[in-house]
Amino acid sequence: MYQTFEELRQACLGCQNCELAKTRHNVVFGVGAQDAEVLLVGEGPGENEDLQGIPFVGRAGVLLDKYLAAIDLSREKNVYIANMVKCRPPQNRDPKPEEMDCCIGYLRNQVALLRPKIIVCLGRIAAQRMLSPNFRVTKEHGQWIQSNGVWMMGTFHPAALLRTPSNKGAALEDFLSLQEKIRQVCEHTY
Ligand code: URA
């Protein structure tokens, strides 16, 4: 366990724990406020993220930033954004369970340093790993559970919303529910 974000970031940037290290251009460690009370967890970097080393900078990221702005959140101010795996899976395939196993220590360390009050899983991959193995986003999105004192919820992945825009209204409801939860349990987000 690293004691600062900078130490953890440095370790992560040099990581060779799995095959994804061989094909990555950049490690995508995470971005956001280091005192954020809200953590968002995506799946893994895509092409743009791999090239820039920053999570959610492609089309899906633009959409995510819009949902965040709708409830007065931003990566510059009051949320932290990370992924299940820090390196891009080739051809944007799902990360393999063993790749997530190799990488989960970094996310755990990020959680330990951040100590978020709320964690939102973006999409099936993060939700099945962090909430429950059979999590169904279409059925269970927006449902809150409390785990070790942290409020957790799964919602649609923004890339899935680009493919299925009819779910955008339901996603907005989840973000409004997040806003409500922040008002209930966070101290300095708003
Ligand atoms: N999709 C993700 O899950 N994470 C990113 O950082 C970008 C796209």
# chains A, B, ... in the order shown; residues from 1 in each chain; ligands from 1

$ residues_near_ligand --ligand "ligand 1" --cutoff "10 Å" --atoms "only C-alpha atoms and all ligand atoms" --output "ChimeraX atom specification"
/A:28-31,40-50,53-61,64,81-88,92,94,121-126,157-160

$ residues_around --residues "stretch 182-190 of chain A" --least-positions-apart "4" --cutoff "8 Å" --atoms "only C-alpha atoms" --output "list in words"
Ala36, Glu37, Asp72, Asn78, Lys117, Ile118 and Leu178 of chain A

$ write_last_selection --atoms "N, CA and C atoms" --output "mmCIF file, in the first residue's frame"
data_model
loop_
_atom_site.group_PDB
_atom_site.id
_atom_site.type_symbol
_atom_site.label_atom_id
_atom_site.label_comp_id
_atom_site.auth_asym_id
_atom_site.auth_seq_id
_atom_site.Cartn_x
_atom_site.Cartn_y
_atom_site.Cartn_z
ATOM 1 N N ALA A 36 -11.794 14.131 -3.368
ATOM 2 C CA ALA A 36 -13.169 13.880 -3.814
ATOM 3 C C ALA A 36 -13.869 12.901 -2.877
ATOM 4 N N GLU A 37 -15.148 13.144 -2.657
ATOM 5 C CA GLU A 37 -15.961 12.206 -1.871
ATOM 6 C C GLU A 37 -16.703 11.228 -2.781
ATOM 7 N N ASP A 72 -23.673 19.389 -11.048
ATOM 8 C CA ASP A 72 -22.615 20.219 -10.441
ATOM 9 C C ASP A 72 -21.387 19.425 -10.006
ATOM 10 N N ASN A 78 -14.607 18.125 -8.043
ATOM 11 C CA ASN A 78 -15.156 17.356 -6.927
ATOM 12 C C ASN A 78 -15.475 15.886 -7.206
ATOM 13 N N LYS A 117 -16.974 8.616 -0.085
ATOM 14 C CA LYS A 117 -18.253 8.310 0.582
ATOM 15 C C LYS A 117 -19.165 7.546 -0.378
ATOM 16 N N ILE A 118 -18.924 7.752 -1.673
ATOM 17 C CA ILE A 118 -19.790 7.178 -2.708
ATOM 18 C C ILE A 118 -18.926 6.634 -3.850
ATOM 19 N N LEU A 178 -27.823 10.233 -7.572
ATOM 20 C CA LEU A 178 -26.478 10.473 -7.036
ATOM 21 C C LEU A 178 -26.409 11.846 -6.361
#

$ closest_residue --among "A:Tyr67, A:Leu176, A:Arg115, A:Ser147" --to "A:Leu131" --atoms "only C-alpha atoms"
A:Ser147

$ atom_distance --atom1 "atom CA of A:Asn17" --atom2 "atom CA of A:Glu99"
8.4 Å

$ residues_around --residues "A:Gly169" --least-positions-apart "5" --cutoff "12 Å" --atoms "only C-alpha atoms" --output "VMD selection string"
chain A and resid 67 155 to 156 161 164 174 to 176

$ select_by_dssp --residues "stretch 38-188 of chain A" --states "alpha helix (DSSP H)" --output "ChimeraX atom specification"
/A:47-52,59-70,97-114,124-130,137-140,158-163,168-185

$ residues_around --residues "A:Pro90" --least-positions-apart "3" --cutoff "8 Å" --atoms "only C-alpha atoms" --output "mmCIF file with N, CA and C atoms, in the first residue's frame"
data_model
loop_
_atom_site.group_PDB
_atom_site.id
_atom_site.type_symbol
_atom_site.label_atom_id
_atom_site.label_comp_id
_atom_site.auth_asym_id
_atom_site.auth_seq_id
_atom_site.Cartn_x
_atom_site.Cartn_y
_atom_site.Cartn_z
ATOM 1 N N LEU A 20 -1.290 -6.501 -20.844
ATOM 2 C CA LEU A 20 -1.713 -5.211 -21.399
ATOM 3 C C LEU A 20 -0.562 -4.210 -21.413
ATOM 4 N N THR A 23 1.151 -3.660 -24.924
ATOM 5 C CA THR A 23 0.521 -2.965 -26.061
ATOM 6 C C THR A 23 0.078 -1.538 -25.719
ATOM 7 N N ARG A 93 -11.562 -4.781 -26.394
ATOM 8 C CA ARG A 93 -12.264 -5.939 -25.831
ATOM 9 C C ARG A 93 -12.436 -5.724 -24.330
#

$ select_by_dssp --residues "stretch 3-170 of chain A" --states "strand (DSSP E or B)" --output "count of residues only"
25

$ residues_around --residues "stretch 2-11 of chain A" --least-positions-apart "6" --cutoff "9 Å" --atoms "only C-alpha atoms" --output "list in words"
Phe29, Gly30, Gln34, Tyr106, Asn109, Gln110, Leu113 and Leu114 of chain A

$ atom_distance --atom1 "atom CA of A:Ile119" --atom2 "atom CA of A:Pro89"
23.2 Å

$ decode --residues "stretch 24-140 of chain A" --atoms "C-alpha atoms" --output "tab-separated table (two decimals), in the first residue's frame"
chain	number	residue	atom	x	y	z
A	24	ARG	CA	-0.28	0.19	-24.10
A	25	HIS	CA	0.93	3.65	-25.09
A	26	ASN	CA	0.17	5.14	-21.68
A	27	VAL	CA	-1.00	3.92	-18.32
A	28	VAL	CA	-4.30	5.62	-17.50
A	29	PHE	CA	-3.99	6.02	-13.74
A	30	GLY	CA	-6.96	8.24	-12.93
A	31	VAL	CA	-7.95	11.88	-12.80
A	32	GLY	CA	-9.77	14.21	-10.47
A	33	ALA	CA	-9.79	15.85	-7.10
A	34	GLN	CA	-7.68	14.00	-4.54
A	35	ASP	CA	-10.12	14.97	-1.80
A	36	ALA	CA	-13.17	13.88	-3.81
A	37	GLU	CA	-15.96	12.21	-1.87
A	38	VAL	CA	-17.32	10.63	-5.06
A	39	LEU	CA	-15.39	8.04	-7.08
A	40	LEU	CA	-16.51	6.90	-10.53
A	41	VAL	CA	-15.11	3.63	-11.85
A	42	GLY	CA	-15.15	2.73	-15.53
A	43	GLU	CA	-13.96	-0.35	-17.35
A	44	GLY	CA	-10.65	0.43	-18.98
A	45	PRO	CA	-9.03	2.91	-21.33
A	46	GLY	CA	-10.08	3.10	-24.97
A	47	GLU	CA	-7.97	4.37	-27.84
A	48	ASN	CA	-8.10	8.07	-26.99
A	49	GLU	CA	-7.46	7.42	-23.31
A	50	ASP	CA	-4.50	5.18	-24.15
A	51	LEU	CA	-3.01	7.89	-26.36
A	52	GLN	CA	-3.54	10.70	-23.83
A	53	GLY	CA	-3.12	8.83	-20.53
A	54	ILE	CA	-6.37	10.32	-19.16
A	55	PRO	CA	-9.66	8.47	-18.47
A	56	PHE	CA	-12.82	9.24	-20.44
A	57	VAL	CA	-11.52	11.72	-22.98
A	58	GLY	CA	-13.25	10.25	-26.06
A	59	ARG	CA	-16.91	10.60	-27.07
A	60	ALA	CA	-18.06	8.60	-24.06
A	61	GLY	CA	-16.07	10.94	-21.83
A	62	VAL	CA	-17.72	14.03	-23.30
A	63	LEU	CA	-21.10	12.48	-22.50
A	64	LEU	CA	-19.97	11.54	-18.99
A	65	ASP	CA	-18.82	15.10	-18.35
A	66	LYS	CA	-22.28	16.34	-19.41
A	67	TYR	CA	-24.00	14.10	-16.87
A	68	LEU	CA	-21.56	15.25	-14.21
A	69	ALA	CA	-22.12	18.92	-15.08
A	70	ALA	CA	-25.89	18.38	-14.82
A	71	ILE	CA	-25.43	17.71	-11.09
A	72	ASP	CA	-22.61	20.22	-10.44
A	73	LEU	CA	-19.79	17.71	-10.52
A	74	SER	CA	-16.58	17.92	-12.51
A	75	ARG	CA	-13.27	16.12	-12.63
A	76	GLU	CA	-11.53	19.47	-12.02
A	77	LYS	CA	-13.47	20.13	-8.83
A	78	ASN	CA	-15.16	17.36	-6.93
A	79	VAL	CA	-15.01	13.84	-8.38
A	80	TYR	CA	-12.29	11.29	-9.04
A	81	ILE	CA	-12.45	9.01	-12.10
A	82	ALA	CA	-10.61	5.69	-12.40
A	83	ASN	CA	-10.94	2.41	-14.26
A	84	MET	CA	-10.92	-1.30	-13.40
A	85	VAL	CA	-7.83	-1.74	-15.57
A	86	LYS	CA	-5.31	1.02	-16.13
A	87	CYS	CA	-4.10	-0.12	-19.57
A	88	ARG	CA	-6.06	-0.44	-22.79
A	89	PRO	CA	-7.32	-3.88	-23.76
A	90	PRO	CA	-6.48	-4.30	-27.47
A	91	GLN	CA	-9.37	-3.63	-29.89
A	92	ASN	CA	-11.41	-2.39	-26.90
A	93	ARG	CA	-12.26	-5.94	-25.83
A	94	ASP	CA	-13.50	-6.48	-22.28
A	95	PRO	CA	-10.68	-6.74	-19.76
A	96	LYS	CA	-10.06	-10.38	-18.80
A	97	PRO	CA	-10.72	-11.44	-15.19
A	98	GLU	CA	-7.01	-12.15	-14.73
A	99	GLU	CA	-6.14	-8.66	-16.00
A	100	MET	CA	-8.55	-7.17	-13.49
A	101	ASP	CA	-7.03	-9.37	-10.77
A	102	CYS	CA	-3.58	-8.00	-11.64
A	103	CYS	CA	-4.83	-4.41	-11.57
A	104	ILE	CA	-7.32	-4.36	-8.68
A	105	GLY	CA	-4.61	-3.55	-6.12
A	106	TYR	CA	-4.14	-0.13	-7.72
A	107	LEU	CA	-7.85	0.62	-7.51
A	108	ARG	CA	-7.97	-0.62	-3.90
A	109	ASN	CA	-5.04	1.64	-3.06
A	110	GLN	CA	-6.80	4.57	-4.80
A	111	VAL	CA	-9.91	3.88	-2.71
A	112	ALA	CA	-7.83	3.65	0.47
A	113	LEU	CA	-6.19	7.03	-0.21
A	114	LEU	CA	-9.35	8.77	-1.37
A	115	ARG	CA	-11.72	7.25	1.19
A	116	PRO	CA	-14.78	8.13	-0.93
A	117	LYS	CA	-18.25	8.31	0.58
A	118	ILE	CA	-19.79	7.18	-2.71
A	119	ILE	CA	-18.61	4.88	-5.51
A	120	VAL	CA	-20.47	4.77	-8.83
A	121	CYS	CA	-19.72	1.88	-11.18
A	122	LEU	CA	-20.00	2.84	-14.83
A	123	GLY	CA	-21.22	-0.19	-16.73
A	124	ARG	CA	-21.36	-3.94	-16.33
A	125	ILE	CA	-17.67	-4.70	-16.02
A	126	ALA	CA	-17.12	-2.44	-12.99
A	127	ALA	CA	-20.50	-3.25	-11.44
A	128	GLN	CA	-20.05	-7.03	-11.69
A	129	ARG	CA	-16.62	-6.83	-10.11
A	130	MET	CA	-17.46	-4.31	-7.38
A	131	LEU	CA	-21.17	-4.81	-6.63
A	132	SER	CA	-22.22	-8.34	-7.50
A	133	PRO	CA	-21.07	-10.94	-10.04
A	134	ASN	CA	-24.46	-11.19	-11.77
A	135	PHE	CA	-25.21	-7.46	-11.81
A	136	ARG	CA	-27.57	-6.53	-14.67
A	137	VAL	CA	-27.26	-2.84	-15.51
A	138	THR	CA	-30.65	-2.59	-17.24
A	139	LYS	CA	-32.40	-4.12	-14.21
A	140	GLU	CA	-30.36	-2.93	-11.25
